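Participant: Got a structure for you, protein.cif, holding mmCIF, C-alpha atoms.
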```cif
data_target
loop_
_atom_site.group_PDB
_atom_site.id
_atom_site.type_symbol
_atom_site.label_atom_id
_atom_site.label_comp_id
_atom_site.auth_asym_id
_atom_site.auth_seq_id
_atom_site.Cartn_x
_atom_site.Cartn_y
_atom_site.Cartn_z
ATOM 1 C CA MET A 2 156.652 185.411 23.046
ATOM 2 C CA THR A 3 156.066 189.063 23.684
ATOM 3 C CA GLU A 4 153.704 189.856 26.512
ATOM 4 C CA VAL A 5 151.141 192.433 25.577
ATOM 5 C CA VAL A 6 150.188 194.713 28.403
ATOM 6 C CA TYR A 7 146.896 196.502 28.099
ATOM 7 C CA MET A 8 146.834 199.867 29.807
ATOM 8 C CA PRO A 9 143.384 201.080 30.853
ATOM 9 C CA GLU A 10 142.369 204.336 29.307
ATOM 10 C CA PRO A 11 142.431 207.204 31.781
ATOM 11 C CA GLU A 12 139.023 207.986 33.206
ATOM 12 C CA VAL A 13 137.580 211.277 32.053
ATOM 13 C CA GLU A 14 135.669 213.048 34.779
ATOM 14 C CA GLU A 15 132.118 213.925 33.952
ATOM 15 C CA PRO A 16 131.574 217.704 33.983
ATOM 16 C CA PRO A 17 129.693 218.787 37.067
ATOM 17 C CA ARG A 18 126.491 219.225 35.097
ATOM 18 C CA ARG A 19 124.206 218.724 38.066
ATOM 19 C CA GLN A 20 126.010 221.421 40.051
ATOM 20 C CA ASN A 21 125.922 223.810 37.088
ATOM 21 C CA ARG A 22 122.219 223.241 36.649
ATOM 22 C CA PHE A 23 121.594 223.975 40.317
ATOM 23 C CA VAL A 24 123.602 227.220 40.162
ATOM 24 C CA THR A 25 121.799 228.214 36.971
ATOM 25 C CA ALA A 26 118.411 227.532 38.548
ATOM 26 C CA LEU A 27 119.292 229.668 41.573
ATOM 27 C CA LEU A 28 120.463 232.495 39.344
ATOM 28 C CA VAL A 29 117.344 232.320 37.181
ATOM 29 C CA VAL A 30 115.110 232.549 40.267
ATOM 30 C CA ALA A 31 117.137 235.376 41.853
ATOM 31 C CA VAL A 32 117.354 237.387 38.637
ATOM 32 C CA GLY A 33 113.673 236.819 37.902
ATOM 33 C CA VAL A 34 112.551 237.989 41.344
ATOM 34 C CA PHE A 35 114.865 241.009 41.169
ATOM 35 C CA CYS A 36 113.688 242.077 37.717
ATOM 36 C CA VAL A 37 109.979 241.631 38.519
ATOM 37 C CA PHE A 38 110.355 243.584 41.755
ATOM 38 C CA SER A 39 112.279 246.339 39.949
ATOM 39 C CA ALA A 40 109.617 246.521 37.252
ATOM 40 C CA PHE A 41 106.917 247.115 39.883
ATOM 41 C CA ARG A 42 108.981 249.909 41.434
ATOM 42 C CA LEU A 43 110.180 251.592 38.260
ATOM 43 C CA LEU A 44 106.819 251.401 36.490
ATOM 44 C CA GLY A 45 105.001 252.761 39.546
ATOM 45 C CA PHE A 46 102.781 249.765 40.275
ATOM 46 C CA ASP A 47 101.883 249.195 43.933
ATOM 47 C CA GLY A 48 100.206 245.926 42.986
ATOM 48 C CA ASN A 49 98.494 244.454 46.006
ATOM 49 C CA ALA A 50 99.034 244.241 49.754
ATOM 50 C CA TYR A 51 102.072 241.986 49.443
ATOM 51 C CA VAL A 52 103.702 243.993 46.656
ATOM 52 C CA ALA A 53 103.119 247.238 48.559
ATOM 53 C CA ALA A 54 104.691 245.769 51.697
ATOM 54 C CA ALA A 55 107.696 244.560 49.695
ATOM 55 C CA LEU A 56 108.186 247.917 47.934
ATOM 56 C CA ALA A 57 109.128 249.524 51.254
ATOM 57 C CA LEU A 58 112.275 247.355 51.045
ATOM 58 C CA THR A 59 113.424 248.879 47.740
ATOM 59 C CA PRO A 60 116.690 250.379 49.132
ATOM 60 C CA TYR A 61 117.727 246.902 50.275
ATOM 61 C CA VAL A 62 116.740 245.386 46.924
ATOM 62 C CA ALA A 63 118.884 247.974 45.133
ATOM 63 C CA VAL A 64 121.908 246.849 47.175
ATOM 64 C CA ALA A 65 121.003 243.218 46.487
ATOM 65 C CA GLY A 66 120.948 244.034 42.760
ATOM 66 C CA VAL A 67 124.521 245.304 42.917
ATOM 67 C CA LEU A 68 125.622 242.110 44.692
ATOM 68 C CA LEU A 69 123.698 239.969 42.206
ATOM 69 C CA THR A 70 125.471 241.749 39.351
ATOM 70 C CA ALA A 71 128.850 240.927 40.889
ATOM 71 C CA ILE A 72 127.898 237.265 41.366
ATOM 72 C CA THR A 73 126.689 236.797 37.796
ATOM 73 C CA LEU A 74 129.842 238.392 36.378
ATOM 74 C CA LEU A 75 132.097 236.296 38.613
ATOM 75 C CA LEU A 76 130.320 233.195 37.283
ATOM 76 C CA ARG A 77 130.858 234.519 33.749
ATOM 77 C CA ARG A 78 127.182 234.693 32.976
ATOM 78 C CA TRP A 79 127.856 237.729 30.855
ATOM 79 C CA ALA A 80 124.439 238.279 29.274
ATOM 80 C CA THR A 81 122.628 237.823 32.592
ATOM 81 C CA GLY A 82 125.138 240.082 34.327
ATOM 82 C CA ILE A 83 124.602 242.876 31.822
ATOM 83 C CA VAL A 84 120.821 242.705 32.234
ATOM 84 C CA VAL A 85 121.027 242.704 36.042
ATOM 85 C CA PHE A 86 123.593 245.521 35.979
ATOM 86 C CA ALA A 87 121.326 247.692 33.814
ATOM 87 C CA VAL A 88 118.299 247.168 36.051
ATOM 88 C CA ALA A 89 120.310 247.640 39.264
ATOM 89 C CA ALA A 90 121.858 250.843 37.920
ATOM 90 C CA VAL A 91 118.437 252.356 37.254
ATOM 91 C CA LEU A 92 117.213 251.307 40.695
ATOM 92 C CA VAL A 93 120.294 252.729 42.448
ATOM 93 C CA ALA A 94 119.926 255.946 40.436
ATOM 94 C CA ALA A 95 116.410 256.298 41.872
ATOM 95 C CA MET A 96 117.828 256.001 45.417
ATOM 96 C CA LEU A 97 120.818 258.352 45.127
ATOM 97 C CA PRO A 98 118.932 261.687 45.161
ATOM 98 C CA ARG A 99 117.716 260.797 48.665
ATOM 99 C CA THR A 100 121.268 261.181 49.924
ATOM 100 C CA MET A 101 121.719 264.673 48.457
ATOM 101 C CA SER A 102 120.245 267.996 49.580
ATOM 102 C CA ALA A 103 117.886 269.710 47.174
ATOM 103 C CA ASP A 104 117.678 273.425 46.456
ATOM 104 C CA GLN A 105 115.269 275.160 48.801
ATOM 105 C CA PRO A 106 112.936 278.057 47.985
ATOM 106 C CA ASP A 107 113.717 281.488 49.336
ATOM 107 C CA ALA A 108 111.939 281.722 52.666
ATOM 108 C CA THR A 109 112.231 284.462 55.260
ATOM 109 C CA GLY A 110 109.152 283.801 57.395
ATOM 110 C CA ALA A 111 108.760 282.134 60.761
ATOM 111 C CA GLU A 112 110.438 278.840 61.521
ATOM 112 C CA LEU A 113 108.389 275.892 62.723
ATOM 113 C CA ARG A 114 109.841 272.902 64.555
ATOM 114 C CA VAL A 115 107.608 269.940 63.853
ATOM 115 C CA MET A 116 107.707 266.427 65.325
ATOM 116 C CA SER A 117 105.739 263.233 64.755
ATOM 117 C CA ALA A 118 105.539 260.328 67.212
ATOM 118 C CA ASN A 119 103.622 257.077 66.945
ATOM 119 C CA LEU A 120 102.737 255.998 70.494
ATOM 120 C CA TYR A 121 102.209 252.297 69.649
ATOM 121 C CA PHE A 122 98.695 251.810 71.063
ATOM 122 C CA GLY A 123 99.545 254.415 73.712
ATOM 123 C CA ARG A 124 102.288 252.220 75.209
ATOM 124 C CA ALA A 125 105.281 254.415 74.311
ATOM 125 C CA ASP A 126 107.265 256.308 76.941
ATOM 126 C CA VAL A 127 105.347 259.598 76.918
ATOM 127 C CA GLY A 128 107.839 261.139 79.338
ATOM 128 C CA HIS A 129 110.473 260.676 76.640
ATOM 129 C CA VAL A 130 108.171 262.349 74.112
ATOM 130 C CA VAL A 131 107.807 265.374 76.387
ATOM 131 C CA GLN A 132 111.584 265.498 76.895
ATOM 132 C CA LEU A 133 112.103 265.553 73.124
ATOM 133 C CA VAL A 134 109.572 268.390 72.864
ATOM 134 C CA ARG A 135 111.493 270.387 75.460
ATOM 135 C CA ASN A 136 114.973 269.629 74.156
ATOM 136 C CA HIS A 137 114.150 270.536 70.563
ATOM 137 C CA ARG A 138 111.671 273.334 71.296
ATOM 138 C CA ILE A 139 108.962 271.679 69.248
ATOM 139 C CA ASP A 140 106.198 273.978 68.020
ATOM 140 C CA VAL A 141 103.812 271.421 66.527
ATOM 141 C CA LEU A 142 103.507 267.749 67.521
ATOM 142 C CA SER A 143 101.602 265.096 65.571
ATOM 143 C CA LEU A 144 100.696 262.029 67.644
ATOM 144 C CA GLN A 145 99.451 258.735 66.207
ATOM 145 C CA GLU A 146 97.884 255.805 68.092
ATOM 146 C CA LEU A 147 96.805 258.283 70.753
ATOM 147 C CA THR A 148 94.656 256.607 73.409
ATOM 148 C CA PRO A 149 92.668 258.310 76.201
ATOM 149 C CA ALA A 150 95.081 256.810 78.736
ATOM 150 C CA ALA A 151 98.038 258.263 76.803
ATOM 151 C CA VAL A 152 96.438 261.724 76.910
ATOM 152 C CA GLY A 153 96.325 261.535 80.702
ATOM 153 C CA ALA A 154 99.917 260.330 80.848
ATOM 154 C CA LEU A 155 101.052 263.146 78.547
ATOM 155 C CA ASP A 156 99.275 265.658 80.774
ATOM 156 C CA ARG A 157 100.996 264.313 83.883
ATOM 157 C CA ALA A 158 104.352 264.347 82.083
ATOM 158 C CA GLY A 159 103.952 268.071 81.371
ATOM 159 C CA LEU A 160 103.241 268.129 77.630
ATOM 160 C CA PHE A 161 100.551 270.786 77.871
ATOM 161 C CA ALA A 162 102.841 273.136 79.777
ATOM 162 C CA GLU A 163 105.021 273.097 76.649
ATOM 163 C CA LEU A 164 102.298 272.799 74.015
ATOM 164 C CA PRO A 165 99.093 274.141 75.579
ATOM 165 C CA HIS A 166 96.913 274.025 72.457
ATOM 166 C CA ARG A 167 95.545 270.781 71.085
ATOM 167 C CA VAL A 168 93.202 269.120 68.652
ATOM 168 C CA PHE A 169 92.980 265.559 69.949
ATOM 169 C CA HIS A 170 90.863 262.683 68.672
ATOM 170 C CA ALA A 171 91.914 260.084 71.233
ATOM 171 C CA MET A 172 90.553 256.553 70.768
ATOM 172 C CA PRO A 173 91.382 253.081 72.042
ATOM 173 C CA GLY A 174 93.804 251.016 69.987
ATOM 174 C CA ALA A 175 95.519 252.534 66.963
ATOM 175 C CA SER A 176 92.766 254.864 65.715
ATOM 176 C CA GLY A 177 93.440 257.959 67.827
ATOM 177 C CA THR A 178 95.437 260.872 66.444
ATOM 178 C CA GLY A 179 96.137 264.387 67.671
ATOM 179 C CA ILE A 180 97.929 267.688 67.197
ATOM 180 C CA ALA A 181 99.488 269.663 70.059
ATOM 181 C CA ALA A 182 101.009 273.085 69.469
ATOM 182 C CA ARG A 183 102.729 276.018 71.100
ATOM 183 C CA TYR A 184 100.344 278.384 69.299
ATOM 184 C CA PRO A 185 96.537 278.553 69.097
ATOM 185 C CA LEU A 186 94.875 275.963 66.860
ATOM 186 C CA ARG A 187 91.625 276.072 64.937
ATOM 187 C CA GLU A 188 90.436 272.659 63.811
ATOM 188 C CA ARG A 189 89.790 272.112 60.134
ATOM 189 C CA GLN A 190 88.557 269.199 58.036
ATOM 190 C CA LEU A 191 91.113 268.677 55.283
ATOM 191 C CA ALA A 192 91.690 264.922 54.951
ATOM 192 C CA GLY A 193 89.189 262.546 53.414
ATOM 193 C CA PRO A 194 87.344 259.797 55.305
ATOM 194 C CA ALA A 195 89.636 257.311 57.070
ATOM 195 C CA LEU A 196 89.390 254.597 59.697
ATOM 196 C CA HIS A 197 92.027 256.293 61.846
ATOM 197 C CA ALA A 198 91.465 259.909 62.836
ATOM 198 C CA GLN A 199 93.419 262.393 60.706
ATOM 199 C CA PRO A 200 92.708 265.804 62.273
ATOM 200 C CA ALA A 201 93.872 269.061 60.760
ATOM 201 C CA ALA A 202 94.305 272.524 62.236
ATOM 202 C CA LEU A 203 95.203 276.074 61.367
ATOM 203 C CA VAL A 204 98.182 277.223 63.445
ATOM 204 C CA ASP A 205 97.836 280.873 64.435
ATOM 205 C CA LEU A 206 101.420 282.164 64.409
ATOM 206 C CA PRO A 207 101.722 285.499 66.220
ATOM 207 C CA GLY A 208 103.090 288.196 63.948
ATOM 208 C CA HIS A 209 103.336 285.838 60.966
ATOM 209 C CA ALA A 210 101.158 284.250 58.340
ATOM 210 C CA ASP A 211 99.278 281.176 59.560
ATOM 211 C CA ALA A 212 100.105 277.572 58.683
ATOM 212 C CA GLU A 213 98.003 274.434 58.307
ATOM 213 C CA VAL A 214 98.923 271.014 59.683
ATOM 214 C CA VAL A 215 97.359 267.610 58.989
ATOM 215 C CA ALA A 216 98.160 264.707 61.334
ATOM 216 C CA VAL A 217 98.411 261.671 59.047
ATOM 217 C CA HIS A 218 97.798 257.998 59.819
ATOM 218 C CA PRO A 219 96.224 255.884 57.043
ATOM 219 C CA LEU A 220 95.692 252.158 57.364
ATOM 220 C CA THR A 221 98.558 249.839 56.452
ATOM 221 C CA PRO A 222 98.370 248.250 52.988
ATOM 222 C CA VAL A 223 98.630 244.794 54.592
ATOM 223 C CA HIS A 224 95.424 245.341 56.577
ATOM 224 C CA ASP A 225 93.404 246.833 53.721
ATOM 225 C CA PHE A 226 95.164 247.664 50.460
ATOM 226 C CA GLU A 227 92.250 249.507 48.848
ATOM 227 C CA ALA A 228 91.600 251.587 51.976
ATOM 228 C CA TRP A 229 95.326 252.430 52.180
ATOM 229 C CA GLN A 230 95.281 253.727 48.620
ATOM 230 C CA ARG A 231 92.022 255.609 49.162
ATOM 231 C CA GLU A 232 93.104 257.234 52.423
ATOM 232 C CA LEU A 233 96.432 258.372 50.977
ATOM 233 C CA ALA A 234 94.638 259.756 47.924
ATOM 234 C CA GLY A 235 92.274 261.611 50.286
ATOM 235 C CA LEU A 236 95.061 263.701 51.794
ATOM 236 C CA PRO A 237 94.775 267.328 50.678
ATOM 237 C CA GLY A 238 97.007 268.900 48.079
ATOM 238 C CA VAL A 239 98.643 272.298 48.350
ATOM 239 C CA ASP A 240 96.261 275.241 48.200
ATOM 240 C CA THR A 241 98.260 278.115 46.745
ATOM 241 C CA GLN A 242 95.468 280.525 47.714
ATOM 242 C CA GLY A 243 95.597 279.447 51.359
ATOM 243 C CA PRO A 244 98.136 279.044 54.162
ATOM 244 C CA PRO A 245 101.171 276.835 53.500
ATOM 245 C CA ARG A 246 100.425 273.272 54.549
ATOM 246 C CA LEU A 247 102.261 270.440 56.326
ATOM 247 C CA LEU A 248 101.310 266.752 56.332
ATOM 248 C CA VAL A 249 102.931 265.096 59.349
ATOM 249 C CA GLY A 250 102.741 261.547 60.641
ATOM 250 C CA ASP A 251 102.887 257.828 59.979
ATOM 251 C CA PHE A 252 101.996 257.409 56.308
ATOM 252 C CA ASN A 253 102.523 253.629 56.240
ATOM 253 C CA ALA A 254 104.183 254.336 52.891
ATOM 254 C CA SER A 255 107.644 255.133 51.582
ATOM 255 C CA LEU A 256 109.075 257.106 48.704
ATOM 256 C CA ASP A 257 108.988 253.862 46.715
ATOM 257 C CA HIS A 258 105.191 253.663 46.703
ATOM 258 C CA ARG A 259 103.326 255.172 43.795
ATOM 259 C CA ALA A 260 100.477 256.157 46.154
ATOM 260 C CA PHE A 261 102.930 258.186 48.239
ATOM 261 C CA ARG A 262 104.637 259.837 45.266
ATOM 262 C CA ASP A 263 101.194 260.874 44.033
ATOM 263 C CA ILE A 264 100.860 262.954 47.218
ATOM 264 C CA LEU A 265 104.198 264.654 46.512
ATOM 265 C CA ARG A 266 102.887 265.567 43.070
ATOM 266 C CA LYS A 267 100.156 267.587 44.795
ATOM 267 C CA GLY A 268 102.784 270.193 45.684
ATOM 268 C CA TYR A 269 104.832 268.751 48.563
ATOM 269 C CA SER A 270 108.418 267.831 49.250
ATOM 270 C CA ASP A 271 109.494 265.141 51.689
ATOM 271 C CA ALA A 272 111.525 266.876 54.407
ATOM 272 C CA ALA A 273 113.983 263.991 54.828
ATOM 273 C CA ASP A 274 114.518 263.711 51.080
ATOM 274 C CA ALA A 275 114.943 267.494 50.765
ATOM 275 C CA VAL A 276 117.976 267.588 53.081
ATOM 276 C CA GLY A 277 119.628 264.350 51.937
ATOM 277 C CA GLU A 278 118.234 262.155 54.735
ATOM 278 C CA GLY A 279 115.795 260.226 52.573
ATOM 279 C CA LEU A 280 117.266 256.864 53.585
ATOM 280 C CA SER A 281 116.732 257.505 57.312
ATOM 281 C CA MET A 282 114.631 254.587 58.532
ATOM 282 C CA THR A 283 111.767 255.191 60.963
ATOM 283 C CA TRP A 284 110.101 251.792 61.485
ATOM 284 C CA SER A 285 110.736 249.679 63.303
ATOM 285 C CA GLN A 286 112.650 249.384 66.545
ATOM 286 C CA SER A 287 111.355 245.864 67.158
ATOM 287 C CA ARG A 288 111.294 244.390 63.642
ATOM 288 C CA TRP A 289 113.847 244.014 60.859
ATOM 289 C CA PRO A 290 114.577 245.356 58.347
ATOM 290 C CA PRO A 291 113.642 248.964 59.193
ATOM 291 C CA VAL A 292 111.848 251.074 56.611
ATOM 292 C CA ALA A 293 111.075 254.775 56.116
ATOM 293 C CA ILE A 294 107.314 255.236 56.458
ATOM 294 C CA ASP A 295 107.038 258.296 58.760
ATOM 295 C CA HIS A 296 107.241 261.653 57.023
ATOM 296 C CA VAL A 297 106.964 265.398 57.195
ATOM 297 C CA LEU A 298 105.652 266.649 53.865
ATOM 298 C CA ALA A 299 106.137 270.365 53.363
ATOM 299 C CA ASP A 300 104.225 272.600 50.983
ATOM 300 C CA PHE A 301 106.588 273.619 48.155
ATOM 301 C CA ARG A 302 106.624 277.159 49.585
ATOM 302 C CA TYR A 303 108.433 275.989 52.734
ATOM 303 C CA ALA A 304 112.213 275.758 52.985
ATOM 304 C CA VAL A 305 113.312 272.625 54.845
ATOM 305 C CA ARG A 306 116.255 273.434 57.115
ATOM 306 C CA GLU A 307 116.742 270.249 59.148
ATOM 307 C CA PHE A 308 115.527 266.679 59.594
ATOM 308 C CA GLN A 309 116.311 264.157 62.339
ATOM 309 C CA VAL A 310 115.152 260.761 63.600
ATOM 310 C CA PHE A 311 115.018 260.075 67.351
ATOM 311 C CA ASP A 312 114.539 257.012 69.554
ATOM 312 C CA LEU A 313 111.338 256.397 71.505
ATOM 313 C CA PRO A 314 111.325 253.588 74.098
ATOM 314 C CA GLY A 315 108.165 251.501 74.005
ATOM 315 C CA SER A 316 107.229 252.343 70.413
ATOM 316 C CA ASP A 317 107.821 250.463 67.180
ATOM 317 C CA HIS A 318 108.342 253.789 65.361
ATOM 318 C CA ASP A 319 111.066 256.394 65.734
ATOM 319 C CA PRO A 320 109.899 259.994 66.157
ATOM 320 C CA ILE A 321 110.853 262.313 63.316
ATOM 321 C CA TYR A 322 111.683 266.008 63.531
ATOM 322 C CA ALA A 323 111.829 268.709 60.862
ATOM 323 C CA ARG A 324 112.637 272.393 61.057
ATOM 324 C CA VAL A 325 110.948 274.295 58.259
ATOM 325 C CA GLN A 326 110.726 277.966 57.370
ATOM 326 C CA LEU A 327 107.615 279.631 56.053
ATOM 327 C CA PRO A 328 107.698 281.814 52.969
#
```
Taking this structure as input, can you express it in the form of structure tokens?
Facilitator:
Amino acid sequence: MTEVVYMPEPEVEEPPRRQNRFVTALLVVAVGVFCVFSAFRLLGFDGNAYVAAALALTPYVAVAGVLLTAITLLLRRWATGIVVFAVAAVLVAAMLPRTMSADQPDATGAELRVMSANLYFGRADVGHVVQLVRNHRIDVLSLQELTPAAVGALDRAGLFAELPHRVFHAMPGASGTGIAARYPLRERQLAGPALHAQPAALVDLPGHADAEVVAVHPLTPVHDFEAWQRELAGLPGVDTQGPPRLLVGDFNASLDHRAFRDILRKGYSDAADAVGEGLSMTWSQSRWPPVAIDHVLADFRYAVREFQVFDLPGSDHDPIYARVQLP
């Protein structure tokens, strides 16, 4: 009698459906967040306080978009990869001009060396500020978060021996702002109403046409989104019938905010962007990731010759420096 041997059928492994679903869910979330964020940026919509805060991170999101494209293509999610690639390419294209110098107008007038420093409630190392003024022969200095105590410390550190002229609105906390200059100043009212002081002055340049400077410090969008928009909108545009104008300070806004780009459309160029330093981060030394929210905006008649970012112990902002030439 022949013995019949029954061989069990080989087990067929179940496809890892659960793992695939998890990966798909992660991709859907990541791609969705990336595309929504990119839409806000590319369509020029500052949204609300949280969207505005996130938009300052756009350079990082652009890099993340490139990485997300690579991941989707490696996982052979071809349609998703193509969509993410297209959006990331547009976002990266918006960043690239910041790394390239722009053509400058012909300018043969006086040069001005301008610096901005946020003193972080007056706690920053003012001696270091004065040293920067000396080392770089600063002509005009915009100071934010200028307290009465900081004014005294700046005096003792020798600031007014270097920059004897000033228009200071010193206040406790973050509301004080001031302008110190090598040349005589005449105060003007150019900026709209704001919670923080935003003084302006005419700089009397000996032997040259005068210049106007506004020290800028609007509220942050996180503290009051509507006030942030209103205070940025209240900054003056270029007056082609008057002296060339500079807006200098802590704008609490980056090139990726519609409210900030609206200021540029009033006749200004961003000094960092003009010389290919538009990705130089200025805030913050104590938080991560850093973002670029401090600016020197130059009237279109100025030629921007140089831009730098310095360190400032005791502050959460880095001072910024620009050398510009008047028409």
Participant: From the set A:Ala150, A:Ala198, A:Leu142, A:Leu265, which residue has the shortest atom-to-atom contact distance to Phe301 in chain A, counting only C-alpha atoms?
Facilitator: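 Counting only C-alpha atoms, the residue closest to Phe301 in chain A is A:Leu265.
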Participant: Quick one: pull the distance between CA of Ala94 in chain A and CA of Val67 in chain A, Å, one decimal.
Facilitator: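 Answer for the CA of Ala94 in chain A to CA of Val67 in chain A separation: 11.9 Å.
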Participant: For the atom pair CA of Ala89 in chain A and CA of Asn253 in chain A, what is the interatomic distance in Å to one decimal place?
Facilitator: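 Distance between the two atoms: 25.3 Å.
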Participant: Using CA of Leu147 in chain A and CA of Val292 in chain A as the two end points, give the distance in Å to one decimal.
Facilitator: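 These atoms are spaced 21.9 Å apart.
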Participant: Output the residue selection produced by the PyMOL selection byres ((chain A and resi 321) around 9) on the file above, formatted as a list in words.
Facilitator: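 What the PyMOL selection byres ((chain A and resi 321) around 9) grabs from the file is Val115, Met116, Ser117, Ala118, Gly250, Thr283, Asp295, His296, Val297, Phe308, Gln309, Val310, Phe311, Asp312, Asp319, Pro320, Tyr322 and Ala323 of chain A.
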Participant: Could those residues be written to a file, using C-alpha atoms, as an mmCIF file, in the frame of the given file?
Facilitator:
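Output (selection.cif):
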```cif
data_model
loop_
_atom_site.group_PDB
_atom_site.id
_atom_site.type_symbol
_atom_site.label_atom_id
_atom_site.label_comp_id
_atom_site.auth_asym_id
_atom_site.auth_seq_id
_atom_site.Cartn_x
_atom_site.Cartn_y
_atom_site.Cartn_z
ATOM 1 C CA VAL A 115 107.608 269.940 63.853
ATOM 2 C CA MET A 116 107.707 266.427 65.325
ATOM 3 C CA SER A 117 105.739 263.233 64.755
ATOM 4 C CA ALA A 118 105.539 260.328 67.212
ATOM 5 C CA GLY A 250 102.741 261.547 60.641
ATOM 6 C CA THR A 283 111.767 255.191 60.963
ATOM 7 C CA ASP A 295 107.038 258.296 58.760
ATOM 8 C CA HIS A 296 107.241 261.653 57.023
ATOM 9 C CA VAL A 297 106.964 265.398 57.195
ATOM 10 C CA PHE A 308 115.527 266.679 59.594
ATOM 11 C CA GLN A 309 116.311 264.157 62.339
ATOM 12 C CA VAL A 310 115.152 260.761 63.600
ATOM 13 C CA PHE A 311 115.018 260.075 67.351
ATOM 14 C CA ASP A 312 114.539 257.012 69.554
ATOM 15 C CA ASP A 319 111.066 256.394 65.734
ATOM 16 C CA PRO A 320 109.899 259.994 66.157
ATOM 17 C CA TYR A 322 111.683 266.008 63.531
ATOM 18 C CA ALA A 323 111.829 268.709 60.862
#
```
Participant: Which residues come within 12 Å of Leu298 in chain A, counting all atoms listed in the file, excluding same-chain residues fewer than 2 positions away, as a PyMOL selection string?
Facilitator: chain A and resi 115-117+213-217+236-239+245-252+255-256+261-262+264-275+294-296+300-305+308+321-325
Participant: Care to translate the PyMOL selection byres ((chain A and resi 73-81) around 10) into actual residues of this file, as number ranges by chain?
Facilitator: A: 24-25, 28-29, 32, 68-72, 82-86
Participant: Could you pull range 189-204 of chain A out of the structure just shown and give N, CA and C atoms as a short mmCIF file (atom, residue, chain, number, x, y, z; two decimals), in the first residue's frame?
Facilitator:
```
data_model
loop_
_atom_site.label_atom_id
_atom_site.label_comp_id
_atom_site.auth_asym_id
_atom_site.auth_seq_id
_atom_site.Cartn_x
_atom_site.Cartn_y
_atom_site.Cartn_z
N ARG A 189 12.27 114.33 13.06
CA ARG A 189 11.10 114.42 12.19
C ARG A 189 10.10 113.35 12.61
N GLN A 190 8.85 113.53 12.22
CA GLN A 190 7.81 112.54 12.47
C GLN A 190 7.45 111.92 11.12
N LEU A 191 7.94 110.71 10.88
CA LEU A 191 7.72 110.07 9.59
C LEU A 191 6.93 108.78 9.69
N ALA A 192 7.11 108.03 10.78
CA ALA A 192 6.40 106.77 10.95
C ALA A 192 5.03 107.00 11.58
N GLY A 193 4.12 106.09 11.31
CA GLY A 193 2.79 106.18 11.89
C GLY A 193 2.80 105.80 13.36
N PRO A 194 1.63 105.87 14.01
CA PRO A 194 1.54 105.53 15.44
C PRO A 194 1.98 104.09 15.69
N ALA A 195 2.68 103.87 16.79
CA ALA A 195 3.17 102.54 17.15
C ALA A 195 3.37 102.47 18.64
N LEU A 196 3.28 101.25 19.19
CA LEU A 196 3.48 101.08 20.62
C LEU A 196 4.92 101.35 21.01
N HIS A 197 5.87 100.86 20.22
CA HIS A 197 7.28 101.17 20.44
C HIS A 197 7.61 102.47 19.73
N ALA A 198 8.51 103.24 20.31
CA ALA A 198 8.94 104.48 19.65
C ALA A 198 9.63 104.15 18.33
N GLN A 199 9.36 104.96 17.31
CA GLN A 199 10.02 104.81 16.01
C GLN A 199 10.44 106.20 15.52
N PRO A 200 11.45 106.80 16.17
CA PRO A 200 11.85 108.16 15.83
C PRO A 200 12.49 108.24 14.44
N ALA A 201 12.43 109.42 13.88
CA ALA A 201 13.06 109.69 12.59
C ALA A 201 13.83 110.99 12.70
N ALA A 202 14.83 111.15 11.83
CA ALA A 202 15.65 112.36 11.87
C ALA A 202 16.22 112.67 10.51
N LEU A 203 16.44 113.93 10.26
CA LEU A 203 17.18 114.39 9.10
C LEU A 203 18.65 114.48 9.50
N VAL A 204 19.51 113.83 8.73
CA VAL A 204 20.95 113.84 9.00
C VAL A 204 21.57 114.93 8.14
#
```
